[in-house]
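Visitor: Dumping the structure here so I can ask a few things about it.
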Amino acid sequence: MFDTLSDRLTAALQTLTRKGRLSDADIDATAREIRIALLEADVALGVVKTFIARIKERAKGAEVSQALNPAQQVVKIVNEELVGILGGETRRLNLAKTPPTVIMLAGLQGAGKTTLAGKLALWLKKQGHAPMLVACDLQRPNAVTQLQVVGERAGVVTFAPEPGNGVGDPVDVARRAIAEAKHAQHDVVVVDTAGRLGVDEELMKQAADIRDAVEPDEVLFVVDAMIGQDAVTTAQAFQDGVGFSGVVLTKLDGDARGGAALSVREITGQPILFASNGEKLEDFDTFHPDRMASRILGMGDVLTLIEQAEQAFDQKQAEKAAEKLSSGQLTLEDFLEQMLAVRKMGPIGNLLGMLPGAGQMKDQLAQVDDKHLDKLQAIIRGMTPAEREDPKLINGSRRLRIANGSGVTVREVNDLVNRFFEARKMMAQMAGRFGFGGGGGSSK
Ligand code: GDP
């Protein structure tokens with residue numbers, strides 16, 4: 001998602017970097033490019049107009065003429081304005097002072113509500129809450145079962161009407177669910193409601209009735225980022241019909257233009273709380289306007305990367321490796337451990353995709369392949385502990401044995417061993433030069 005937009009915005013801004021000073025004409029030309037890029041990405045016209053007007057005004061203002069590097073200044077302005085239309089500050093979920101917190105999900109059928117209920121439940125559970133899901137979508141034949149399935153996958157309780165009681169009344173189910181949550185001490189209740197393929201009055205009335213019955217702390221409007229301009233009209237209809245306190249964007253992993261998703265916040269005035277980007281329950285996170293903006297501008301999602309790294313890295317292990325590295329004692333065992341730590345963060349192409357400038361390196365990134373890392377891992381695993389500890393032991397006959405054992409060629413084993421020695425030498429030199437760790441030492 002946002003790839004084309006990102007490419008075009010980066011290109012528009014890049015033409016500026018070649019200029020020393022920016023004239024009003026330069027700014028107008030860039031603004032025009034940005035405008036086209038946003039419209040092509042399906043961003044709503046009104047939003048585009050306001051956005052462009054703000055950029056022009058700020059870029060032509062004093063802050064730019066005084067800047068040493070005007071191009072950078074414009075990038076900064078565009079970034080700030082983009083963060084602005086995405087909502088500015090990260091908006092956290094409102095939790096009730098007296099539990100249970102009630103979160104109601106609303107949106108069209110197929111928007112991803114049921115899936116989201118499971119994702120939210122898992123996310124809440126990981127934060128130490130005891131969530132309960134409530135099946136109030138009694139319209140779609142399989143909706144209750146589907147919710148029960150995601151609930152099971154998330155490892156949480158699902159409250160559903162007893163089978164065999166006919167269609168049932170969703171408002172009654174909602175009421176009983178809240179009572180049950182209090183009784184069973186669930187501190188967060190997530191209410192899934194019915195959606196239709198299009199907006200209709202009956203749907204709105206039912207959602208409003210459920211809302212009145214459960215008095216939610218949050219009503220989240222769930223919207224499929226791939227539905228284009230319809231996202232805006234749907235959002236408006238739900239805002240008028242039910243009202244909501246926040247938005248969840250789903251299917252951000254899709255390849256649609258996604259600009260409508262960028263308009264929802266500006267048009268409804270309600271913040272985007274979460275983003276869903278895949279079919280797995282883990283493909284879900286808090287929405288950070290600043291990170292999304294820098295991602296769209298091709299500056300990379302460095303913050304997300306850092307957060308993921310913090311989760312994946314074992315501090316002690318990293319310190320141990322740094323110590324060994326600086327003294328030239330790094331072994332293949334350490335190398336394997338580090339590689340496994342990095343890979344815990346996800347597919348390597350995804351990680352690299354978050355780095356600044358990654359947008360322009362898409363072709364190269366497509367070639368960075370987890371299979372190559374699998375192979376390196378297999379080779380190291382094919383070595384004995386003694387060989388991993390002291391790779392100098394690995395002579396010709398050992399190389400042949402390792403190659404046969406790990407299903408690669410001798411040449412591939414040679415490559416790995418040679419590159420490891422080179423890297424170890426280089427890292428020890430760098431560590432010596434920058435003065436961290438325990439001093440130079442021999443590297444081979
Ligand atoms: P509901 O009708 O609003 O409850 O929507 P569902 O939760 O049943 O989702 C509709 C379809 O979209 C299902 O096939 C989901 O697997 C899929 N889906 C939901 N969220 C995402 C997402 O973030 N990415 C992708 N690719 N698919 C999703």
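By convention here, the chains of the structure tokens are called A, B, ... in the order presented, each chain's residues are numbered starting at 1, and ligands are numbered starting at 1 in the order presented.
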Which residues come within 8 Å of Glu40 of chain A, counting only C-alpha atoms, excluding same-chain residues fewer than 4 positions away, as a list in words?
Guide: Leu5, Ile36 and Arg257 of chain A
Visitor: Could you write out, as number ranges by chain, all the residues of segment 37-248 of chain A that DSSP marks as helix (DSSP H, G or I)?
Guide: A: 37-40, 45-60, 62-65, 70-85, 113-126, 143-154, 170-183, 201-214, 225-227, 230-241
Visitor: Excluding Ala41 of chain A and its own-chain neighbours fewer than 3 positions away, which residues fall within 8 Å of it when counting only C-alpha atoms? Please give them as a count of residues only.
Guide: 9
Visitor: Residues of chain A that have any atom at most 10 Å from an atom of ligand 1: could you tabulate them with the shortest-distance atom pair and the distance in Å to one decimal, using only C-alpha atoms and all ligand atoms, ordered by chain and increasing number, as CSV?
Guide:
residue,atom,partner,partner_atom_place_in_ligand_line,distance
A:Leu105,CA,ligand 1,3 (O),8.8
A:Ala106,CA,ligand 1,3 (O),8.0
A:Gly107,CA,ligand 1,3 (O),6.4
A:Leu108,CA,ligand 1,3 (O),6.0
A:Gln109,CA,ligand 1,2 (O),3.8
A:Gly110,CA,ligand 1,2 (O),3.4
A:Ala111,CA,ligand 1,3 (O),4.0
A:Gly112,CA,ligand 1,5 (O),3.2
A:Lys113,CA,ligand 1,3 (O),3.6
A:Thr114,CA,ligand 1,4 (O),3.7
A:Thr115,CA,ligand 1,7 (O),3.7
A:Leu116,CA,ligand 1,7 (O),6.2
A:Ala117,CA,ligand 1,7 (O),7.8
A:Gly118,CA,ligand 1,7 (O),8.7
A:Lys119,CA,ligand 1,20 (N),9.2
A:Asp137,CA,ligand 1,4 (O),8.3
A:Arg140,CA,ligand 1,2 (O),8.4
A:Asn142,CA,ligand 1,8 (O),9.4
A:Ala143,CA,ligand 1,4 (O),7.1
A:Val144,CA,ligand 1,4 (O),9.8
A:Gln146,CA,ligand 1,8 (O),7.5
A:Leu147,CA,ligand 1,4 (O),8.2
A:Val150,CA,ligand 1,7 (O),9.2
A:Asp192,CA,ligand 1,4 (O),7.6
A:Thr193,CA,ligand 1,4 (O),8.1
A:Ala194,CA,ligand 1,2 (O),7.6
A:Gly195,CA,ligand 1,2 (O),6.3
A:Arg196,CA,ligand 1,2 (O),8.1
A:Leu197,CA,ligand 1,2 (O),8.8
A:Val222,CA,ligand 1,3 (O),7.4
A:Val223,CA,ligand 1,3 (O),8.4
A:Asp224,CA,ligand 1,20 (N),7.8
A:Ala225,CA,ligand 1,23 (O),8.9
A:Met226,CA,ligand 1,24 (N),9.6
A:Val248,CA,ligand 1,23 (O),9.9
A:Leu249,CA,ligand 1,23 (O),7.9
A:Thr250,CA,ligand 1,23 (O),4.3
A:Lys251,CA,ligand 1,23 (O),3.5
A:Leu252,CA,ligand 1,23 (O),6.0
A:Asp253,CA,ligand 1,24 (N),5.7
A:Gly254,CA,ligand 1,26 (N),6.0
A:Asp255,CA,ligand 1,26 (N),9.6
A:Ala275,CA,ligand 1,23 (O),7.6
A:Ser276,CA,ligand 1,23 (O),4.1
A:Asn277,CA,ligand 1,23 (O),3.9
A:Gly278,CA,ligand 1,24 (N),3.4
A:Glu279,CA,ligand 1,27 (N),4.5
A:Lys280,CA,ligand 1,22 (C),7.8
A:Leu281,CA,ligand 1,20 (N),8.9
A:Glu282,CA,ligand 1,23 (O),9.9
A:Asp283,CA,ligand 1,23 (O),6.8
A:Phe284,CA,ligand 1,23 (O),7.4
Visitor: Quick one: residues within 8 Å of segment 387-399 of chain A, only C-alpha atoms, excluding same-chain residues fewer than 3 positions away - as a PDB file with N, CA and C atoms, in the first residue's frame?
Guide:
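Contents of selection_13.pdb, freshly written:
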ATOM      1  N   THR A 331      32.809 -15.749  17.290  1.00  0.00           N
ATOM      2  CA  THR A 331      32.809 -17.084  16.692  1.00  0.00           C
ATOM      3  C   THR A 331      31.605 -17.237  15.785  1.00  0.00           C
ATOM      4  N   LEU A 332      31.581 -18.312  15.040  1.00  0.00           N
ATOM      5  CA  LEU A 332      30.429 -18.566  14.169  1.00  0.00           C
ATOM      6  C   LEU A 332      29.182 -18.848  14.998  1.00  0.00           C
ATOM      7  N   GLU A 333      29.381 -19.365  16.195  1.00  0.00           N
ATOM      8  CA  GLU A 333      28.251 -19.598  17.094  1.00  0.00           C
ATOM      9  C   GLU A 333      27.575 -18.257  17.441  1.00  0.00           C
ATOM     10  N   ILE A 380      26.081 -23.253   9.130  1.00  0.00           N
ATOM     11  CA  ILE A 380      26.656 -23.142  10.484  1.00  0.00           C
ATOM     12  C   ILE A 380      26.176 -24.297  11.358  1.00  0.00           C
ATOM     13  N   MET A 383      28.123 -27.511  11.246  1.00  0.00           N
ATOM     14  CA  MET A 383      29.469 -27.544  11.828  1.00  0.00           C
ATOM     15  C   MET A 383      29.409 -28.112  13.235  1.00  0.00           C
ATOM     16  N   THR A 384      30.511 -28.653  13.679  1.00  0.00           N
ATOM     17  CA  THR A 384      30.567 -29.125  15.066  1.00  0.00           C
ATOM     18  C   THR A 384      30.750 -27.900  15.970  1.00  0.00           C
ATOM     19  N   ILE A 402      30.857 -30.612   5.811  1.00  0.00           N
ATOM     20  CA  ILE A 402      29.818 -29.632   6.152  1.00  0.00           C
ATOM     21  C   ILE A 402      28.889 -29.405   4.958  1.00  0.00           C
ATOM     22  N   ALA A 403      29.523 -29.295   3.758  1.00  0.00           N
ATOM     23  CA  ALA A 403      28.728 -29.064   2.552  1.00  0.00           C
ATOM     24  C   ALA A 403      27.743 -30.215   2.350  1.00  0.00           C
ATOM     25  N   VAL A 410      30.626 -27.008  -1.674  1.00  0.00           N
ATOM     26  CA  VAL A 410      31.822 -26.663  -0.909  1.00  0.00           C
ATOM     27  C   VAL A 410      32.107 -25.170  -1.081  1.00  0.00           C
ATOM     28  N   VAL A 413      30.281 -23.127   1.340  1.00  0.00           N
ATOM     29  CA  VAL A 413      30.880 -23.193   2.676  1.00  0.00           C
ATOM     30  C   VAL A 413      32.105 -22.285   2.708  1.00  0.00           C
ATOM     31  N   ASN A 414      32.935 -22.385   1.647  1.00  0.00           N
ATOM     32  CA  ASN A 414      34.128 -21.526   1.575  1.00  0.00           C
ATOM     33  C   ASN A 414      33.755 -20.054   1.670  1.00  0.00           C
ATOM     34  N   VAL A 417      32.814 -19.073   5.228  1.00  0.00           N
ATOM     35  CA  VAL A 417      33.946 -19.036   6.150  1.00  0.00           C
ATOM     36  C   VAL A 417      34.841 -17.828   5.828  1.00  0.00           C
ATOM     37  N   LYS A 444      42.462 -13.316  13.352  1.00  0.00           N
ATOM     38  CA  LYS A 444      42.387 -14.547  12.626  1.00  0.00           C
ATOM     39  C   LYS A 444      43.111 -15.662  13.359  1.00  0.00           C
TER      40      LYS A 444
END
Visitor: Report, in Å with one decimal, the straight-line distance from atom CA of Gln270 of chain A to atom CA of Thr30 of chain A.
Guide: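 So the two atoms, atom CA of Gln270 of chain A and atom CA of Thr30 of chain A, lie 29.4 Å apart.
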Visitor: How would you write, as a PyMOL selection string, the set of residues in segment 83-325 of chain A that DSSP gives as strand (DSSP E)?
Guide: chain A and resi 101-106+131-136+157-159+188-193+218-224+246-250+272-276+284-286
Visitor: Rank nothing, just name the residue among A:His288, A:Arg153, A:Lys205, A:Lys125 nearest to Val171 of chain A, using only C-alpha atoms.
Guide: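 Of the candidates, the smallest distance to Val171 of chain A is held by A:Lys205.
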Visitor: I'd like to know which of A:Ala53, A:Val157, A:Val189, A:Val173 is closest to Leu138 of chain A, using only C-alpha atoms.
Guide: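 For Leu138 of chain A, the nearest of the given residues is A:Val173.
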Visitor: Could you jot down the atom CA of Asp26 of chain A to atom CA of Ile296 of chain A separation for me, Å, one decimal place?
Guide: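 Straight-line distance from atom CA of Asp26 of chain A to atom CA of Ile296 of chain A works out to 22.0 Å.
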Visitor: To one decimal place in Å, what is the distance between atom CA of Pro99 of chain A and atom CA of Asp187 of chain A?
Guide: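 Taking atom CA of Pro99 of chain A and atom CA of Asp187 of chain A, their separation equals 5.0 Å.
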Visitor: Skipping near chain neighbours, those fewer than 3 positions away, what residues fall within 7 Å of segment 130-133 of chain A using only C-alpha atoms, listed as a PyMOL selection string?
Guide: chain A and resi 121+124-125+151+156-159+186-191
Visitor: May I have the residues within 7 Å of Arg265 of chain A as a list in words, using only C-alpha atoms and disregarding those fewer than 6 positions away in the same chain?
Guide: Ile85, Leu86, Gly87, Pro271 and Ile272 of chain A
Visitor: May I have the selected residues written with N, CA and C atoms, as a CSV table (one decimal), in the first residue's frame?
Guide:
chain,number,residue,atom,x,y,z
A,85,ILE,N,-2.5,15.4,8.8
A,85,ILE,CA,-3.8,14.8,8.2
A,85,ILE,C,-4.0,13.4,8.7
A,86,LEU,N,-2.9,12.8,9.2
A,86,LEU,CA,-3.1,11.4,9.7
A,86,LEU,C,-3.5,11.5,11.2
A,87,GLY,N,-3.5,12.7,11.8
A,87,GLY,CA,-4.0,12.8,13.1
A,87,GLY,C,-3.1,13.3,14.2
A,271,PRO,N,-9.7,10.2,15.2
A,271,PRO,CA,-8.4,9.7,15.0
A,271,PRO,C,-8.4,8.2,14.5
A,272,ILE,N,-7.3,7.8,13.9
A,272,ILE,CA,-7.1,6.4,13.5
A,272,ILE,C,-6.3,5.8,14.7
